[in-house]
Number of protein chains: 2
Amino acid sequence: MRNVVILGAAMKRFGKYQESIIDLGAECSLHALKDAGVQWKDINAAYCSHVLMGVTVGQFILMPLGPTGIPIFNVDNGCAGGTTAMILARQAIGAGIYDIALIVGIQKMGKGVLGPEILDLPETDKIQRNMGLLSLPSKYAMIARRHMEEYGTTVEQLAQVSVKNHKHGALNRYSQHQRELTLEEVLGSRMISDPLTLYQCAPTGDGVAALVLCAEELANKYSSKPRVKMAGAALCSQVYVPDDPTSIHAFTIKAAHEAYEMVGCGPGDLDVIELHDCFSIAEICHYENLGLCPKGEGGRLIDEGATEVGGRIPVNTSGGLLSRGDPTGATGVGQVVEIVWQLRGEAGKRQVPDAKVGLTHNLTGLVCSVQILTR
Amino acid sequence: MRNVVILGAAMKRFGKYQESIIDLGAECSLHALKDAGVQWKDINAAYCSHVLMGVTVGQFILMPLGPTGIPIFNVDNGCAGGTTAMILARQAIGAGIYDIALIVGIQKMGKGVLGPEILDLPETDKIQRNMGLLSLPSKYAMIARRHMEEYGTTVEQLAQVSVKNHKHGALNRYSQHQRELTLEEVLGSRMISDPLTLYQCAPTGDGVAALVLCAEELANKYSSKPRVKMAGAALCSQVYVPDDPTSIHAFTIKAAHEAYEMVGCGPGDLDVIELHDCFSIAEICHYENLGLCPKGEGGRLIDEGATEVGGRIPVNTSGGLLSRGDPTGATGVGQVVEIVWQLRGEAGKRQVPDAKVGLTHNLTGLVCSVQILTR
C-alpha cells in the first residue's frame with residue numbers, strides 16, 4: 001500500500017450561514033485545492049460527509065467547480081463521517097486506484113433534522129427515548145454523575161474543560177465561539193442536564209471543511225508545504241458488550257488501540273490531539289480512553305493544565321467541539337484541518353511548538369474513528 | 001488487485017412493511033450470510049446503502065447480528081447507492097484490506113422524505129422546482145415527448161416496456177407487483193405526466209437486499225455455488241456538458257464505456273441486463289445508452305421482443321423498477337441479486353439459459369453506476 005498524505009486543508013469558520021450548502025461546499029473545496037496546489041481536473045475521486053442533508057449532496061456542491069465524470073461518494077457516519085470518508089479515500093489511494101482525492105465535510109443544522117424521531121427505532125429504544133434517555137445531554141449527564149461518584153471528579157473540573165477549550169477557541173478565527181469564558185460563567189450558565197450547564201454542551205451550527213489527499217510519492221509535484229501523513233486510521237463500530245458507562249463506549253479504546261498499533265506508537269508519542277468533546281465530561285472520559293492518563297484521573301489532568309496549549313499534551317487546540325463547534329458531517333474534517341495546521345506550524349498563537357504527531361478522535365453513537373497524523 | 005466475487009445474495013420482496021428497518025435489515029443480512037456459507041464473525045467490514053433513513057443506519061441494522069467492532073460504512077448515492085457501496089467494498093477487498101464484506105441496501109419510503117424540498121437548492125433549481133421541472137415524472141415525460149418527436153417512438157412502444165417488465169415481475173416472487181398487465185391496462189391507467197401513465201412509473205415501496213463479497217482466492221473455503229465475479233464496475237458523476245435530453249444523462253454512456261473497457265467486452269457479449277427503468281421511457285433511452293441498439297431505435301427493440309426473456313438480450317428479468325419496485329437505497333443491490341440468480345441458474349421460470357455475463361445499470365440525478373458481473 002502506498003503512503004497517503006494530506007496535501008491541502010481548508011475550512012470556513014463554523015457558525016450560522018444563510019448561503020446554500022452548494023455555495024458553502026464549492027467555496028471551501030476551492031480553498032482546499034488552492035492550498036494543495038491542485039487543480040479540480042487533477043482530482044480522481046471525491047468523498048462528501050454529511051448527515052441527512054439530501055440526496056447526492058457531494059455531486060451538488062462540486063458542480064460549480066466545473067465538468068467532471070469522477071466518482072463522488074456520499075458518506076454518512078454521523079460526527080465520524082468526515083474521518084470515515086478519509087479512511088475510504090486512503091484505502092483507494094493506498095491501493096493505487098486513485099492518486100488524488102477531495103474530502104468535503106459539510107453540514108447545515110438549521111432545520112433540526114437530527115432529532116431521534118428520524119430513525120425508525122426498535123421498541124426498546126422507543127421506550128428509552130420516551131424516558132428522555134436518548135437525548136444526548138441526559139446521557140452524558142448520567143455519565144458525568146457516575147464519573148463523579150466513582151472517581152471523585154468535581155463540577156469544577158468538568159467546567160474547566162470548557163474554560164480551556166474556549167480559551168483555545170478565542171485564539172482560532174475559524175472557531176464558532178471566540179470568547180474566553182471564566183469558570184464562574186460556565187458553572188453559572190443555564191442548567192441543561194445536571195451537572196452539565198449550557199457552556200458544557202457543544203453548540204449547534206453550520207460548517208464546512210475540506211482536504212486534498214494524495215499518494216505521497218506524487219506529492220512533490222504539487223506542493224512544497226510540510227507533508228502531513230495519514231500514518232494510522234481506525235474505524236470501529238459499537239462493540240456490543242456491557243460497557244463501563246464512564247468509558248462512554250468501549251470502542252474508543254479499541255479504535256485508539258488499533259491506530260496506535262498501525263503506527264507503532266502510543267499516547268506518550270502524541271504532541272497534539274483533537275478529541276470529541278461534545279460535552280465537557282466526554283473530554284475527561286476520552287483522556288482515559290485514549291490512554292493519556294490512568295482510568296479515573298481525567299479530572300486531575302485538567303487540574304494540572306496538562307491539556308492546555310503549553311501543557312504536556314495539548315488537547316483541542318482549535319477550541320474543540322465546545323468552542324469551535326460541532327456541525328456533525330463537517331466535525332471530523334475540521335479536526336483534521338486543525339491537526340494539519342499544527343503539524344505544518346501554521347496554528348498561530350495556539351501553535352504547539354514543533355508538533356510532529358497528532359491524533360484525531362471522533363464518534364457518533366455507534367461509530368468511533370481514531371486517526372494518527374504525522375509530519 | 002485481487003478478484004472479487006459475490007458469495008451470497010438475498011432480498012426480501014419489495015413492498016410495504018410494518019417492521020422496523022432494523023428487523024428488515026438484520027433478517028436479510030442473515031439470509032445473505034447463510035447463502036454465502038459465511039458467519040457474521042467472518043465479516044471484516046460492512047457497507048450500508050440507504051437514502052436519508054437516519055444516522056448510522058448500517059450500525060443499527062447489524063446490531064442484532066451480535067457483537068462486532070468492524071468498520072461499517074453508510075453510503076448514500078440515491079438509487080445508485082447500493083452499487084456505490086459495492087464499488088467501495090471491491091476496492092478494499094481487491095487491495096487486500098478486507099477479505100469478506102457485507103453489503104446491505106435498505107429503504108423504507110413511507111414517510112415521503114424524498115421530496116425535492118429536502119435539498120438546500122440554489123436559486124436556479126428553485127425556479128425549476130416551482131415550475132414543476134424537478135418532479136421526475138415531468139422530466140421524464142418531456143424526455144419521452146422529445147424521443148417521440150425525434151425518432152418516431154410511439155406511446156404503444158413506451159407502454160410495451162411496462163407490459164414486458166410486469167410479465168417478468170409476475171414470474172418473480174420477490175417483485176413488488178406480480179401481475180401481468182395488458183397494453184390497454186397500461187395505456188388506460190391514470191395519466192401522471194403526458195405521455196406517462198401510472199403503470200409507466202416505478203412504484204414507491206420499502207425494500208432490502210444484501211450481498212456478501214469475498215476475495216476470489218478465498219471463496220472455495222465458504223461456498224461451492226457458482227462464482228459470480230465483479231468483473232467491472234464504473235461510477236460516474238454528472239458530466240456537466242449540454243446533454244442530449246434523450247440520452248437522459250450522458251453519464252450512462254460514459255459509465256457503460258468505462259465498464260466495458262475494464263472487462264474488455266461490449267454490449268454484444270451481455271446475456272442479461274438489469275437497467276434503471278424508473279419510467280418506461282428510461283428503459284428505451286438506456287437501450288441506446290448501453291449500446292444495445294443504435295440511437296433512436298430503442299422503440300424498435302421493444303417491438304421486436306428482443307429484451308424479453310427468450311429474446312436476444314433479456315432486460316429487467318426481475319420485473320425491473322417498474323414491477324419489482326424501486327426502494328432507492330435497496331434498488332441497486334436488488335438488481336445485483338437478480339443477476340447473481342441468473343448467472344447461477346437460479347432464476348426459475350424467468351431464467352435466461354446459460355447466462356454468463358450480466359450488467360446492472362442504475363442512477364440517480366447526478367450519479368450513474370454500471371457493473372458487469374460474470375460467471
# chains A, B, ... in the order shown; residues from 1 in each chain; ligands from 1
>>> closest_atom_pairs(of="chain A", to="chain B", cutoff="6 Å", atoms="only C-alpha atoms", output="JSON lines")
{"residue": "A:Ser20", "atom": "CA", "partner": "B:Asp120", "partner_atom": "CA", "distance": 5.9}
{"residue": "A:Leu52", "atom": "CA", "partner": "B:Leu52", "partner_atom": "CA", "distance": 5.3}
{"residue": "A:Gly54", "atom": "CA", "partner": "B:Leu119", "partner_atom": "CA", "distance": 4.9}
{"residue": "A:Val55", "atom": "CA", "partner": "B:Gly78", "partner_atom": "CA", "distance": 5.8}
{"residue": "A:Thr56", "atom": "CA", "partner": "B:Asn77", "partner_atom": "CA", "distance": 5.4}
{"residue": "A:Pro67", "atom": "CA", "partner": "B:Tyr240", "partner_atom": "CA", "distance": 4.6}
{"residue": "A:Thr68", "atom": "CA", "partner": "B:Val239", "partner_atom": "CA", "distance": 5.2}
{"residue": "A:Gly69", "atom": "CA", "partner": "B:Ser237", "partner_atom": "CA", "distance": 4.7}
{"residue": "A:Ile70", "atom": "CA", "partner": "B:Cys236", "partner_atom": "CA", "distance": 5.4}
{"residue": "A:Pro71", "atom": "CA", "partner": "B:Cys236", "partner_atom": "CA", "distance": 5.0}
{"residue": "A:Asn74", "atom": "CA", "partner": "B:Asp76", "partner_atom": "CA", "distance": 5.2}
{"residue": "A:Val75", "atom": "CA", "partner": "B:Val75", "partner_atom": "CA", "distance": 4.8}
{"residue": "A:Asp76", "atom": "CA", "partner": "B:Asn74", "partner_atom": "CA", "distance": 5.2}
{"residue": "A:Asn77", "atom": "CA", "partner": "B:Thr56", "partner_atom": "CA", "distance": 5.4}
{"residue": "A:Gly78", "atom": "CA", "partner": "B:Val55", "partner_atom": "CA", "distance": 5.7}
{"residue": "A:Ala95", "atom": "CA", "partner": "B:Ala95", "partner_atom": "CA", "distance": 5.5}
{"residue": "A:Ile118", "atom": "CA", "partner": "B:Gly54", "partner_atom": "CA", "distance": 5.7}
{"residue": "A:Leu119", "atom": "CA", "partner": "B:Gly54", "partner_atom": "CA", "distance": 4.9}
{"residue": "A:Asp120", "atom": "CA", "partner": "B:Ser20", "partner_atom": "CA", "distance": 5.9}
{"residue": "A:Leu235", "atom": "CA", "partner": "B:Pro71", "partner_atom": "CA", "distance": 5.2}
{"residue": "A:Cys236", "atom": "CA", "partner": "B:Pro71", "partner_atom": "CA", "distance": 5.0}
{"residue": "A:Ser237", "atom": "CA", "partner": "B:Gly69", "partner_atom": "CA", "distance": 4.7}
{"residue": "A:Gln238", "atom": "CA", "partner": "B:Gly69", "partner_atom": "CA", "distance": 5.8}
{"residue": "A:Val239", "atom": "CA", "partner": "B:Gly69", "partner_atom": "CA", "distance": 5.0}
{"residue": "A:Tyr240", "atom": "CA", "partner": "B:Pro67", "partner_atom": "CA", "distance": 4.6}
>>> residues_around(residues="Ile143 in chain B", least_positions_apart="4", cutoff="10 Å", atoms="only C-alpha atoms", output="list of chain:residue names")
B:Pro137, B:Ser138, B:Lys139, B:His147, B:Met148, B:Glu149, B:Asp244, B:Pro245, B:Thr246, B:Ser247, B:Ile248, B:Ile281, B:Ala282, B:Cys285
>>> select_by_dssp(residues="range 213-345 of chain B", states="alpha helix (DSSP H)", output="VMD selection string")
chain B and resid 250 to 263 280 to 289 298 to 304 320 to 323 331 to 344
>>> closest_residue(among="B:Cys278, B:Leu181, B:Ala141, B:Leu198", to="Pro327 in chain B", atoms="only C-alpha atoms")
B:Cys278
>>> closest_residue(among="B:His177, B:Arg146, B:Arg350, B:Arg375", to="Pro226 in chain B", atoms="only C-alpha atoms")
B:Arg375
>>> closest_residue(among="A:Gly334, A:Gly348, A:Gly232, A:Gly169", to="Ser318 in chain A", atoms="only C-alpha atoms")
A:Gly169
>>> atom_distance(atom1="CA of Leu290 in chain A", atom2="CA of Thr252 in chain A")
7.2 Å
>>> residues_around(residues="Gly305 in chain A", least_positions_apart="5", cutoff="12 Å", atoms="only C-alpha atoms", output="list in words")
Gln157, Gln160, Val161, Val163, Lys164, Asn165, Gly298, Gly299, Arg300, Gly310, Gly311, Arg312, Ile313, Pro314 and Val315 of chain A
